[in-house]
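Colleague: Structure supplied as run-v9.txt; contents: compact mmCIF, C-alpha atoms.
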# COMPACT_ATOMS: atom_id res chain seq x y z
CA MET B 1 3.17 -10.20 4.13
CA MET B 2 3.45 -6.63 5.36
CA ASN B 3 4.39 -3.69 3.17
CA LEU B 4 7.53 -1.79 4.09
CA ILE B 5 8.44 1.88 4.27
CA LEU B 6 11.96 2.17 2.88
CA HIS B 7 13.64 5.32 4.13
CA ILE B 8 16.51 6.20 1.76
CA PRO B 9 18.06 9.47 2.96
CA HIS B 10 21.59 9.50 1.58
CA ALA B 11 21.56 8.12 -1.98
CA SER B 12 21.43 11.40 -3.92
CA LEU B 13 24.37 13.49 -5.16
CA ARG B 14 22.17 16.44 -6.18
CA ILE B 15 23.14 19.77 -4.64
CA PRO B 16 20.37 22.30 -5.32
CA ASP B 17 22.50 25.39 -4.68
CA TYR B 18 26.27 25.79 -4.55
CA GLY B 19 25.99 29.45 -3.53
CA GLN B 20 27.02 29.18 0.12
CA TYR B 21 29.88 26.73 -0.36
CA LEU B 22 33.40 27.99 0.36
CA LEU B 23 35.18 25.23 -1.58
CA PRO B 24 35.34 24.99 -5.38
CA ARG B 25 32.45 23.11 -6.94
CA ASP B 26 34.59 20.08 -7.82
CA ALA B 27 35.78 19.84 -4.21
CA VAL B 28 32.18 19.97 -2.98
CA ASP B 29 31.27 17.21 -5.43
CA THR B 30 34.22 15.12 -4.21
CA GLU B 31 33.06 15.50 -0.61
CA ALA B 32 29.58 14.47 -1.70
CA LEU B 33 30.95 11.29 -3.29
CA HIS B 34 32.92 10.58 -0.13
CA LEU B 35 29.85 10.80 2.12
CA THR B 36 26.94 9.66 -0.04
CA ASP B 37 25.43 6.19 0.34
CA LEU B 38 25.65 5.64 -3.41
CA TYR B 39 23.27 3.17 -5.05
CA THR B 40 21.26 2.47 -1.92
CA ASP B 41 18.19 3.49 -3.93
CA GLU B 42 19.02 0.62 -6.31
CA LEU B 43 19.96 -1.94 -3.66
CA PHE B 44 16.86 -1.42 -1.52
CA VAL B 45 14.13 -1.78 -4.12
CA GLY B 46 11.52 -3.66 -2.12
CA GLY B 47 8.24 -4.84 -3.61
CA HIS B 48 5.54 -3.21 -5.70
CA HIS B 49 3.48 -2.23 -2.68
CA ASP B 50 6.34 -0.90 -0.56
CA THR B 51 6.75 2.85 -0.10
CA ALA B 52 10.13 4.49 -0.69
CA ILE B 53 10.74 7.82 1.03
CA GLN B 54 13.91 9.10 -0.62
CA ALA B 55 15.67 12.42 -0.24
CA ASP B 56 16.33 13.89 -3.71
CA PHE B 57 19.17 16.09 -2.47
CA CYS B 58 22.63 15.30 -1.16
CA ARG B 59 23.35 14.99 2.53
CA VAL B 60 26.10 17.64 2.27
CA TYR B 61 23.29 20.05 1.38
CA CYS B 62 20.74 18.83 3.95
CA ASP B 63 20.93 15.70 6.06
CA VAL B 64 17.44 14.57 7.00
CA GLU B 65 18.80 11.94 9.42
CA ARG B 66 20.06 14.62 11.81
CA PHE B 67 17.97 16.34 14.45
CA ASP B 68 16.65 19.66 13.22
CA ASN B 69 17.94 21.31 16.40
CA ASP B 70 21.75 21.42 16.46
CA ALA B 71 21.69 21.51 20.26
CA LEU B 72 20.30 17.96 20.21
CA GLU B 73 22.47 16.64 17.38
CA PRO B 74 25.81 15.02 18.39
CA MET B 75 27.27 15.48 14.89
CA SER B 76 26.77 19.24 15.02
CA LYS B 77 30.00 19.51 17.02
CA PHE B 78 31.75 18.37 13.84
CA GLY B 79 29.89 20.97 11.78
CA MET B 80 27.73 18.17 10.36
CA GLY B 81 24.26 18.76 11.72
CA ALA B 82 21.25 18.95 9.45
CA THR B 83 23.08 21.50 7.29
CA TYR B 84 26.77 20.65 6.94
CA VAL B 85 29.28 23.49 7.31
CA GLN B 86 32.40 21.29 7.60
CA CYS B 87 33.88 18.40 5.65
CA ASP B 88 34.65 15.00 7.09
CA ASP B 89 38.28 16.06 7.52
CA GLY B 90 37.34 19.29 9.31
CA ARG B 91 37.76 21.73 6.43
CA GLN B 92 35.23 24.54 6.28
CA LEU B 93 32.63 23.51 3.71
CA ARG B 94 30.23 26.45 3.61
CA SER B 95 28.96 29.43 5.54
CA LEU B 96 25.26 29.74 6.37
CA THR B 97 23.40 32.58 8.02
CA PRO B 98 20.51 31.56 10.28
CA ALA B 99 18.09 32.71 7.57
CA GLU B 100 19.86 30.63 4.91
CA ARG B 101 19.82 27.57 7.15
CA ASP B 102 16.15 28.05 7.88
CA ALA B 103 15.35 28.31 4.17
CA ILE B 104 17.04 24.94 3.55
CA MET B 105 15.19 23.36 6.44
CA GLN B 106 11.85 24.69 5.20
CA THR B 107 12.36 23.57 1.59
CA CYS B 108 14.16 20.24 2.16
CA TYR B 109 14.23 18.91 5.71
CA PHE B 110 10.70 19.44 6.97
CA PRO B 111 8.91 18.41 3.74
CA HIS B 112 10.91 15.15 3.74
CA HIS B 113 9.90 14.36 7.31
CA LYS B 114 6.31 15.26 6.54
CA ARG B 115 6.29 12.66 3.75
CA LEU B 116 7.76 10.04 6.09
CA THR B 117 5.24 10.80 8.82
CA GLU B 118 2.35 10.67 6.36
CA ALA B 119 3.54 7.29 5.04
CA VAL B 120 3.73 5.91 8.58
CA ASP B 121 0.29 7.29 9.46
CA ALA B 122 -1.20 5.74 6.31
CA ALA B 123 0.36 2.33 7.04
CA VAL B 124 -0.92 2.31 10.63
CA LEU B 125 -4.39 3.30 9.45
CA GLN B 126 -4.50 0.67 6.71
CA THR B 127 -2.81 -2.31 8.37
CA GLY B 128 -2.52 -1.52 12.07
CA GLU B 129 1.26 -1.15 12.00
CA ALA B 130 4.11 0.49 10.09
CA ILE B 131 7.45 -1.14 9.30
CA ILE B 132 10.29 1.27 8.58
CA VAL B 133 13.61 0.11 7.14
CA ASP B 134 16.29 2.80 7.32
CA CYS B 135 18.50 2.13 4.28
CA HIS B 136 22.20 2.99 4.38
CA SER B 137 25.72 2.01 3.47
CA PHE B 138 29.02 2.59 5.27
CA PRO B 139 32.72 2.76 4.32
CA ASP B 140 35.03 -0.08 5.30
CA ARG B 141 37.16 2.39 7.27
CA PRO B 142 35.31 4.79 9.59
CA LEU B 143 34.84 8.37 8.46
CA GLN B 144 37.02 10.81 10.37
CA CYS B 145 33.93 12.42 11.87
CA SER B 146 32.35 9.09 12.83
CA LEU B 147 31.54 8.59 16.50
CA TYR B 148 32.64 4.97 15.94
CA GLN B 149 36.39 4.57 15.39
CA GLY B 150 36.73 0.85 16.01
CA ASP B 151 38.61 -1.51 13.72
CA ALA B 152 36.00 -4.30 13.60
CA LYS B 153 35.15 -5.31 10.04
CA PHE B 154 31.47 -5.87 9.42
CA ASP B 155 29.74 -6.73 6.16
CA PHE B 156 26.37 -5.50 7.34
CA ASN B 157 25.14 -3.56 10.34
CA ILE B 158 21.69 -3.30 11.86
CA GLY B 159 20.73 -0.29 13.95
CA THR B 160 18.04 -0.84 16.56
CA ASP B 161 15.82 1.06 18.95
CA THR B 162 14.79 -0.47 22.28
CA PHE B 163 11.20 0.76 21.85
CA HIS B 164 10.62 0.37 18.10
CA THR B 165 12.75 -2.65 17.08
CA PRO B 166 11.20 -6.03 18.00
CA ALA B 167 13.64 -8.46 19.64
CA GLU B 168 12.64 -11.15 17.15
CA TRP B 169 13.87 -8.93 14.31
CA ILE B 170 17.32 -8.79 15.87
CA GLU B 171 17.40 -12.56 16.30
CA ALA B 172 16.18 -13.08 12.73
CA SER B 173 18.81 -10.65 11.40
CA VAL B 174 21.65 -12.49 13.15
CA LYS B 175 20.44 -15.80 11.76
CA PHE B 176 19.85 -14.46 8.24
CA PHE B 177 23.29 -12.93 7.75
CA ALA B 178 25.10 -15.81 9.44
CA ASN B 179 23.34 -18.22 7.07
CA HIS B 180 24.55 -16.13 4.14
CA GLY B 181 28.13 -16.05 5.40
CA PHE B 182 28.26 -12.37 6.38
CA ARG B 183 29.51 -10.73 9.55
CA LEU B 184 26.82 -8.57 11.15
CA GLY B 185 27.32 -5.68 13.54
CA ILE B 186 24.47 -4.89 15.93
CA ASP B 187 24.42 -1.13 16.58
CA GLU B 188 28.03 -1.17 15.47
CA PRO B 189 29.44 0.78 13.72
CA TYR B 190 26.13 2.70 13.58
CA ALA B 191 23.22 2.58 16.00
CA GLY B 192 19.55 3.49 16.03
CA SER B 193 16.88 3.72 13.35
CA ILE B 194 14.63 6.51 12.23
CA VAL B 195 11.11 6.98 13.60
CA PRO B 196 8.97 10.10 13.04
CA ILE B 197 8.97 12.38 16.09
CA LYS B 198 5.18 12.10 16.20
CA HIS B 199 5.50 8.39 17.00
CA TYR B 200 8.92 8.16 18.65
CA GLN B 201 8.83 6.32 21.98
CA LYS B 202 5.01 6.58 21.91
CA ASP B 203 3.54 4.09 19.46
CA LYS B 204 4.57 0.42 19.46
CA ARG B 205 2.69 -0.07 16.20
CA VAL B 206 5.53 1.78 14.49
CA LYS B 207 8.48 -0.57 14.09
CA SER B 208 11.88 0.39 12.72
CA ILE B 209 15.26 -1.13 11.95
CA MET B 210 18.28 0.24 10.13
CA LEU B 211 20.28 -1.82 7.67
CA GLU B 212 23.73 -0.65 6.61
CA VAL B 213 25.80 -2.45 3.96
CA ASN B 214 29.59 -2.19 3.68
CA ARG B 215 30.34 -0.29 0.48
CA ASN B 216 33.24 -2.61 -0.30
CA LEU B 217 30.71 -5.37 -0.96
CA TYR B 218 28.98 -3.63 -3.83
CA MET B 219 31.09 -0.68 -4.97
CA ASN B 220 34.55 -0.22 -6.48
CA LYS B 221 37.06 2.33 -5.20
CA ASP B 222 36.16 4.61 -8.13
CA TYR B 223 32.51 4.66 -6.96
CA THR B 224 31.27 2.44 -9.78
CA ARG B 225 29.11 -0.62 -9.15
CA GLY B 226 31.24 -3.59 -8.13
CA PRO B 227 31.14 -7.16 -9.47
CA ARG B 228 28.99 -8.34 -6.54
CA PHE B 229 26.35 -5.64 -6.96
CA ALA B 230 23.55 -7.95 -8.09
CA GLU B 231 24.40 -10.54 -5.42
CA ILE B 232 24.32 -7.97 -2.62
CA LYS B 233 21.07 -6.53 -3.94
CA ASP B 234 19.54 -10.02 -3.74
CA VAL B 235 20.83 -10.48 -0.18
CA ILE B 236 19.36 -7.14 0.92
CA ASN B 237 15.99 -7.90 -0.58
CA GLY B 238 16.05 -11.34 1.01
CA PHE B 239 16.53 -9.59 4.33
CA LEU B 240 13.60 -7.27 3.62
CA ASN B 241 11.41 -10.31 3.12
CA VAL B 242 12.40 -11.56 6.58
CA LEU B 243 10.82 -8.43 8.08
CA ARG B 244 7.47 -8.79 6.31
What does this structure look like when you write it as structure tokens?
Modeller:
Amino acid sequence: MMNLILHIPHASLRIPDYGQYLLPRDAVDTEALHLTDLYTDELFVGGHHDTAIQADFCRVYCDVERFDNDALEPMSKFGMGATYVQCDDGRQLRSLTPAERDAIMQTCYFPHHKRLTEAVDAAVLQTGEAIIVDCHSFPDRPLQCSLYQGDAKFDFNIGTDTFHTPAEWIEASVKFFANHGFRLGIDEPYAGSIVPIKHYQKDKRVKSIMLEVNRNLYMNKDYTRGPRFAEIKDVINGFLNVLR
């Protein structure tokens, strides 16, 4: 069985510095709750020998799943690139000078990606391949800023990459979730899966798949853990075992 690299970018609510935010602190915290993939660090626990690469800061402070260059990042047109300056509903969230943005990138974004790249390099060196699982959740109704605005209702969603996601993983995912009675979206509502730039589209030994879980399955409307939390955690970790 292979060890996994669990990339958990959006579980934290911690905002290191409220200084540049234009909204009151409680409004910033409310936006963080709205956007954070709460409890994904508890749902995706993996095994003893798996490696978790988790951001310890909130995505409304720095989103490590965005491209570092806003010119390449589709979400930057919504003010939600690597450093958010707008809320999901379009309100101005904060104001950043280029120097302030760069400071955040240097202290949060780039160190996170360095840790991910080092974990992938170590796995390839030790076992000949690296398996990345990009761990997320999604709201039952699309965010206003979401590029996907369809009305299809999925329980889970896998995001794939034509170069880094083996076809047999996609087939196994469809079978696994169907056998458990869940509806699976494939690159819908969210597509793609993270791969370090060093390896992206270059190294077939680096494999990656994203798994997103509908928040309604495990979380109540007040952001507390729902009655099916333990069940969904077991399902997720069953899926992780399929990839090993």
Colleague: For stretch 67-80 of chain B, please output as a PyMOL selection string all residues within 12 Å (counting all atoms listed in the file; exclusion window: fewer than 6 positions along the same chain).
Modeller: chain B and resi 35+59-61+86-96+98+101-102+104-106+108-110+112-113+143-148+194-197
Colleague: With distances taken over all atoms listed in the file, which of B:Ala178, B:Val133, B:Phe138, B:Phe229 is nearest to B:Thr165?
Modeller: B:Val133
Colleague: Any idea what's packed within 12 Å of B:Ser173, counting only C-alpha atoms, ignoring anything in its chain fewer than 5 positions away? Could you give it as a ChimeraX atom specification?
Modeller: /B:156-160,165-168,178-180,182-186,209-211,235-236,238-243
Colleague: Quick one: pull the distance between atom CA of B:Val120 and atom CA of B:His199, Å, one decimal.
Modeller: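 Between atom CA of B:Val120 and atom CA of B:His199 the gap works out to 9.0 Å.
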Colleague: With all atoms listed in the file as the counted atoms, please give the residues lying no more than 8 Å from stretch 214-223 of chain B, apart from itself and same-chain residues fewer than 4 positions off, as JSON, numbers by chain.
Modeller: {"B": [33, 38, 137, 138, 139, 140, 154, 155, 156, 227, 228, 229, 232]}
Colleague: So the first atom is atom CA of B:Leu116 and the second is atom CA of B:His7; what is the distance between them in Å, to one decimal place?
Modeller: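 Here the two named atoms are 7.8 Å from each other.
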Colleague: Mind giving me the straight-line distance from atom CA of B:Asp203 to atom CA of B:Lys175 in Å, one decimal?
Modeller: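 Distance between the two atoms: 27.2 Å.
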Colleague: Pick out the closest residue to B:Pro9 from this set: B:Thr127, B:Gln54, B:Thr117, B:Thr83. Count only C-alpha atoms.
Modeller: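 Looking at the shortest contact to B:Pro9, the residue is B:Gln54.
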Colleague: Which one is closest to B:Asp63: B:Ser12, B:Thr51, B:Gly181, B:Leu43? Count only C-alpha atoms.
Modeller: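 Smallest distance to B:Asp63 is found for B:Ser12.
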Colleague: Could you list, as a list in words, every residue within 10 Å of B:Ile15, counting all atoms listed in the file and ignoring same-chain residues fewer than 6 positions away?
Modeller: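 Skipping anything fewer than 6 positions along the chain leaves Val28, Asp29, Ala32, Asp56, Phe57, Cys58, Arg59, Val60, Tyr61 and Cys62 of chain B.
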Colleague: Measuring between all atoms listed in the file, which one of B:Glu212, B:Asp187, B:Asp17, B:Asp161 shows the shortest distance to B:Glu100?
Modeller: B:Asp17
Colleague: Give the answer as one residue: which of B:Leu4, B:Ala82, B:Ala130, B:Leu22 has the shortest atom-to-atom distance to B:His49, using only C-alpha atoms?
Modeller: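 Ranked by minimum distance to B:His49, first place goes to B:Leu4.
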Colleague: Can you tell me, as a VMD selection string, what residues are no more than 8 Å from B:Val124 when counting only C-alpha atoms, ignoring any on the same chain fewer than 5 positions away?
Modeller: chain B and resid 129 to 130 205 to 206
Colleague: Of the candidates B:Val64, B:Val174, B:Met2, B:Ala191, which shows the shortest atom-to-atom distance to B:Gly128, using all atoms listed in the file?
Modeller: B:Met2
